[in-house]
Amino acid sequence: GAVQRHADEVGQGQFAFLAQGGHGALLFGIDDGVQGFHQLVVGGHLHGGLVGVAGKIGFGHGARPVGAGQVLDIVAGIGVKLVQVTVIQLVGDGTRRLAEVHPGETINVVLPLGNAYTMPLEASDKLLLVGGGVGTAPMLYLGEQLAKKGHKPTFLLGARSDKDLLQLEEFAKYGEVYTTTEDGSHGEKGYVTQHSILNKVRFEQIYTCGPKPMMVAVAKYAKSNQIECEVSLENTMACGIGACLCCVENTTEGHLCVCKEGPVFNINKLLWQI
């Protein structure tokens with residue numbers, strides 16, 4: 001994520017429990033936001049700060065899962081005393097259950113799981129952050145952290161229509177924002193890889209998260225233009241610790257668990273046909 005892995009603080013693969021009584025995090029608020037999406041703000045204590053990592057959210061003791069896909073890689077901001085799960089899209093029983101909780105309830109959060117995006121060592125104004133759908137959530141916090149460290153990120157956000165574009169005013173606080181929509185209702189009509197900004201600026205690094213077809217297209221663009229690129233995969237995840245193997249991705253290093261060795265991968269490590 002926006003910060004390097006902080007292995008010295010939390011240990012590789014170590015869980016940090018956001019605690020009220022050692023098990024849960026207090027739900028501060030919930031915002032209905034755009035139709036079909038919800039914003040959750042939960043608080044607790046966590047070592048370090050990472051973005052792009054996965055998190056496991058549940059109810060009751062032992063982080064009981066909220067649904068079949070209980071590991072969510074949509075954690076936007078992680079601080080020492082506050083965790084903000086920025087975007088929850090209602091797609092199944094688990095996310096619908098999360099949307100029904102109320103401020104003051106305690107839910108279980110286990111994170112960080114896996115790795116994170118890497119931070120450039122030198123300040124740059126040629127960093128492109130590409131997000132689609134709920135994949136825009138980690139881009140917002142990544143952009144914030146990049147800006148704090150003297151970088152000037154550029155955001156390129158894609159959606160089906162203007163109704164699906166989230167938090168544009170927040171993104172604008174940290175860098176220039178460009179958008180594409182499939183119906184042309186906001187920004188340029190088309191897909192993110194068709195936006196004119198790609199023909200005007202030579203970017204040095206690309207970070208992306210969103211639907212796999214979008215990330216594959218972004219990776220193809222990056223590779224053809226010799227640009228470093230990291231993607232945050234959204235494979236279906238269940239256990240979060242690399243035991244169930246349902247999120248395995250084929251890579252140059254063999255089959256790796258996205259929840260443990262990912263979710264962030266350099267595209268050179270993936271065996272995508274790009």
# chains A, B, ... in the order shown; residues from 1 in each chain; ligands from 1

$ residues_around --residues "region 125-132 of chain A" --least-positions-apart "5" --cutoff "9 Å" --atoms "only C-alpha atoms" --output "PDB file with N, CA and C atoms, in the first residue's frame"
ATOM      1  N   ALA A 137     -11.438   2.492  -3.486  1.00  0.00           N
ATOM      2  CA  ALA A 137     -11.235   2.730  -2.052  1.00  0.00           C
ATOM      3  C   ALA A 137      -9.773   2.763  -1.649  1.00  0.00           C
ATOM      4  N   PRO A 138      -8.961   1.748  -1.968  1.00  0.00           N
ATOM      5  CA  PRO A 138      -7.553   1.830  -1.581  1.00  0.00           C
ATOM      6  C   PRO A 138      -6.790   2.922  -2.313  1.00  0.00           C
ATOM      7  N   MET A 139      -7.274   3.341  -3.485  1.00  0.00           N
ATOM      8  CA  MET A 139      -6.601   4.414  -4.219  1.00  0.00           C
ATOM      9  C   MET A 139      -6.688   5.746  -3.474  1.00  0.00           C
ATOM     10  N   LEU A 140      -7.793   5.957  -2.784  1.00  0.00           N
ATOM     11  CA  LEU A 140      -7.960   7.205  -2.037  1.00  0.00           C
ATOM     12  C   LEU A 140      -6.939   7.312  -0.914  1.00  0.00           C
ATOM     13  N   LEU A 142      -4.180   5.531  -0.537  1.00  0.00           N
ATOM     14  CA  LEU A 142      -2.845   5.511  -1.125  1.00  0.00           C
ATOM     15  C   LEU A 142      -2.465   6.908  -1.594  1.00  0.00           C
ATOM     16  N   GLY A 143      -3.402   7.589  -2.251  1.00  0.00           N
ATOM     17  CA  GLY A 143      -3.134   8.950  -2.706  1.00  0.00           C
ATOM     18  C   GLY A 143      -2.854   9.898  -1.558  1.00  0.00           C
ATOM     19  N   GLY A 150       5.149  13.941  -0.074  1.00  0.00           N
ATOM     20  CA  GLY A 150       5.689  14.852  -1.076  1.00  0.00           C
ATOM     21  C   GLY A 150       5.442  14.467  -2.514  1.00  0.00           C
ATOM     22  N   HIS A 151       4.708  13.383  -2.761  1.00  0.00           N
ATOM     23  CA  HIS A 151       4.383  12.977  -4.123  1.00  0.00           C
ATOM     24  C   HIS A 151       3.147  13.733  -4.611  1.00  0.00           C
ATOM     25  N   LYS A 152       2.961  13.760  -5.916  1.00  0.00           N
ATOM     26  CA  LYS A 152       1.781  14.377  -6.513  1.00  0.00           C
ATOM     27  C   LYS A 152       1.082  13.329  -7.377  1.00  0.00           C
ATOM     28  N   PRO A 153       0.185  12.552  -6.767  1.00  0.00           N
ATOM     29  CA  PRO A 153      -0.470  11.485  -7.518  1.00  0.00           C
ATOM     30  C   PRO A 153      -1.521  12.007  -8.484  1.00  0.00           C
ATOM     31  N   THR A 154      -1.773  11.243  -9.513  1.00  0.00           N
ATOM     32  CA  THR A 154      -2.861  11.501 -10.453  1.00  0.00           C
ATOM     33  C   THR A 154      -3.834  10.339 -10.364  1.00  0.00           C
ATOM     34  N   PHE A 155      -5.121  10.657 -10.244  1.00  0.00           N
ATOM     35  CA  PHE A 155      -6.140   9.621 -10.121  1.00  0.00           C
ATOM     36  C   PHE A 155      -6.892   9.466 -11.439  1.00  0.00           C
ATOM     37  N   LEU A 156      -7.099   8.220 -11.831  1.00  0.00           N
ATOM     38  CA  LEU A 156      -7.919   7.900 -12.999  1.00  0.00           C
ATOM     39  C   LEU A 156      -8.946   6.879 -12.548  1.00  0.00           C
ATOM     40  N   LEU A 157     -10.216   7.301 -12.488  1.00  0.00           N
ATOM     41  CA  LEU A 157     -11.273   6.479 -11.911  1.00  0.00           C
ATOM     42  C   LEU A 157     -12.316   6.135 -12.964  1.00  0.00           C
ATOM     43  N   GLY A 158     -12.675   4.879 -13.035  1.00  0.00           N
ATOM     44  CA  GLY A 158     -13.646   4.421 -14.012  1.00  0.00           C
ATOM     45  C   GLY A 158     -14.894   3.867 -13.368  1.00  0.00           C
ATOM     46  N   ALA A 159     -16.036   4.053 -14.052  1.00  0.00           N
ATOM     47  CA  ALA A 159     -17.312   3.544 -13.549  1.00  0.00           C
ATOM     48  C   ALA A 159     -18.288   3.396 -14.717  1.00  0.00           C
ATOM     49  N   LEU A 165     -19.544   6.759  -9.369  1.00  0.00           N
ATOM     50  CA  LEU A 165     -18.278   7.393  -8.996  1.00  0.00           C
ATOM     51  C   LEU A 165     -18.385   7.875  -7.557  1.00  0.00           C
ATOM     52  N   VAL A 192     -10.959   3.247 -18.669  1.00  0.00           N
ATOM     53  CA  VAL A 192      -9.825   4.007 -18.140  1.00  0.00           C
ATOM     54  C   VAL A 192      -8.624   3.978 -19.086  1.00  0.00           C
ATOM     55  N   VAL A 201       0.720  12.337 -20.619  1.00  0.00           N
ATOM     56  CA  VAL A 201       1.684  12.261 -19.520  1.00  0.00           C
ATOM     57  C   VAL A 201       2.397  10.917 -19.562  1.00  0.00           C
ATOM     58  N   ARG A 202       3.701  10.954 -19.385  1.00  0.00           N
ATOM     59  CA  ARG A 202       4.488   9.729 -19.289  1.00  0.00           C
ATOM     60  C   ARG A 202       4.653   9.392 -17.812  1.00  0.00           C
ATOM     61  N   PHE A 203       3.866   8.458 -17.322  1.00  0.00           N
ATOM     62  CA  PHE A 203       3.893   8.092 -15.916  1.00  0.00           C
ATOM     63  C   PHE A 203       5.044   7.129 -15.627  1.00  0.00           C
ATOM     64  N   GLU A 204       5.530   7.190 -14.377  1.00  0.00           N
ATOM     65  CA  GLU A 204       6.651   6.346 -13.950  1.00  0.00           C
ATOM     66  C   GLU A 204       6.190   5.101 -13.199  1.00  0.00           C
ATOM     67  N   GLN A 205       5.034   5.186 -12.580  1.00  0.00           N
ATOM     68  CA  GLN A 205       4.526   4.085 -11.748  1.00  0.00           C
ATOM     69  C   GLN A 205       3.007   4.103 -11.809  1.00  0.00           C
ATOM     70  N   ILE A 206       2.422   2.916 -11.916  1.00  0.00           N
ATOM     71  CA  ILE A 206       0.968   2.791 -11.910  1.00  0.00           C
ATOM     72  C   ILE A 206       0.563   1.833 -10.793  1.00  0.00           C
ATOM     73  N   TYR A 207      -0.448   2.245 -10.030  1.00  0.00           N
ATOM     74  CA  TYR A 207      -1.080   1.389  -9.033  1.00  0.00           C
ATOM     75  C   TYR A 207      -2.531   1.223  -9.447  1.00  0.00           C
ATOM     76  N   THR A 208      -3.072   0.015  -9.329  1.00  0.00           N
ATOM     77  CA  THR A 208      -4.457  -0.159  -9.745  1.00  0.00           C
ATOM     78  C   THR A 208      -5.177  -1.199  -8.907  1.00  0.00           C
ATOM     79  N   CYS A 209      -6.480  -1.025  -8.793  1.00  0.00           N
ATOM     80  CA  CYS A 209      -7.343  -1.958  -8.100  1.00  0.00           C
ATOM     81  C   CYS A 209      -8.741  -1.819  -8.682  1.00  0.00           C
ATOM     82  N   GLY A 210      -9.388  -2.950  -8.914  1.00  0.00           N
ATOM     83  CA  GLY A 210     -10.725  -2.926  -9.486  1.00  0.00           C
ATOM     84  C   GLY A 210     -11.061  -4.245 -10.132  1.00  0.00           C
ATOM     85  N   PRO A 211     -12.043  -4.273 -11.007  1.00  0.00           N
ATOM     86  CA  PRO A 211     -12.406  -5.514 -11.698  1.00  0.00           C
ATOM     87  C   PRO A 211     -11.211  -6.063 -12.477  1.00  0.00           C
ATOM     88  N   MET A 214     -10.415  -4.783 -16.020  1.00  0.00           N
ATOM     89  CA  MET A 214      -9.831  -3.452 -16.010  1.00  0.00           C
ATOM     90  C   MET A 214      -8.360  -3.509 -15.648  1.00  0.00           C
ATOM     91  N   MET A 215      -8.019  -4.291 -14.610  1.00  0.00           N
ATOM     92  CA  MET A 215      -6.626  -4.369 -14.185  1.00  0.00           C
ATOM     93  C   MET A 215      -5.752  -5.017 -15.259  1.00  0.00           C
ATOM     94  N   VAL A 218      -5.090  -2.340 -17.779  1.00  0.00           N
ATOM     95  CA  VAL A 218      -4.110  -1.390 -17.255  1.00  0.00           C
ATOM     96  C   VAL A 218      -2.719  -2.007 -17.272  1.00  0.00           C
TER      97      VAL A 218
END

$ residues_around --residues "Glu253 (chain A)" --least-positions-apart "3" --cutoff "9 Å" --atoms "only C-alpha atoms" --output "list in words"
Asn250, Leu256, Lys269 and Leu270 of chain A

$ closest_residue --among "A:Cys259, A:Val216, A:Ile197, A:Ala172" --to "Asn235 (chain A)" --atoms "only C-alpha atoms"
A:Cys259

$ select_by_dssp --residues "region 140-270 of chain A" --states "alpha helix (DSSP H)" --output "MDAnalysis selection string"
chainID A and resid 140:148 168:171 197:200 212:224

$ select_by_dssp --residues "region 110-182 of chain A" --states "strand (DSSP E)" --output "VMD selection string"
chain A and resid 110 to 113 127 to 132 153 to 159 176 to 181

$ atom_distance --atom1 "CA of Thr118 (chain A)" --atom2 "CA of Asp164 (chain A)"
27.7 Å

$ closest_residue --among "A:Ile267, A:Cys257, A:Val134, A:Cys244" --to "Leu113 (chain A)" --atoms "only C-alpha atoms"
A:Cys257

$ atom_distance --atom1 "CA of Glu182 (chain A)" --atom2 "CA of Tyr141 (chain A)"
24.9 Å

$ atom_distance --atom1 "CA of Gly187 (chain A)" --atom2 "CA of Ser124 (chain A)"
24.9 Å
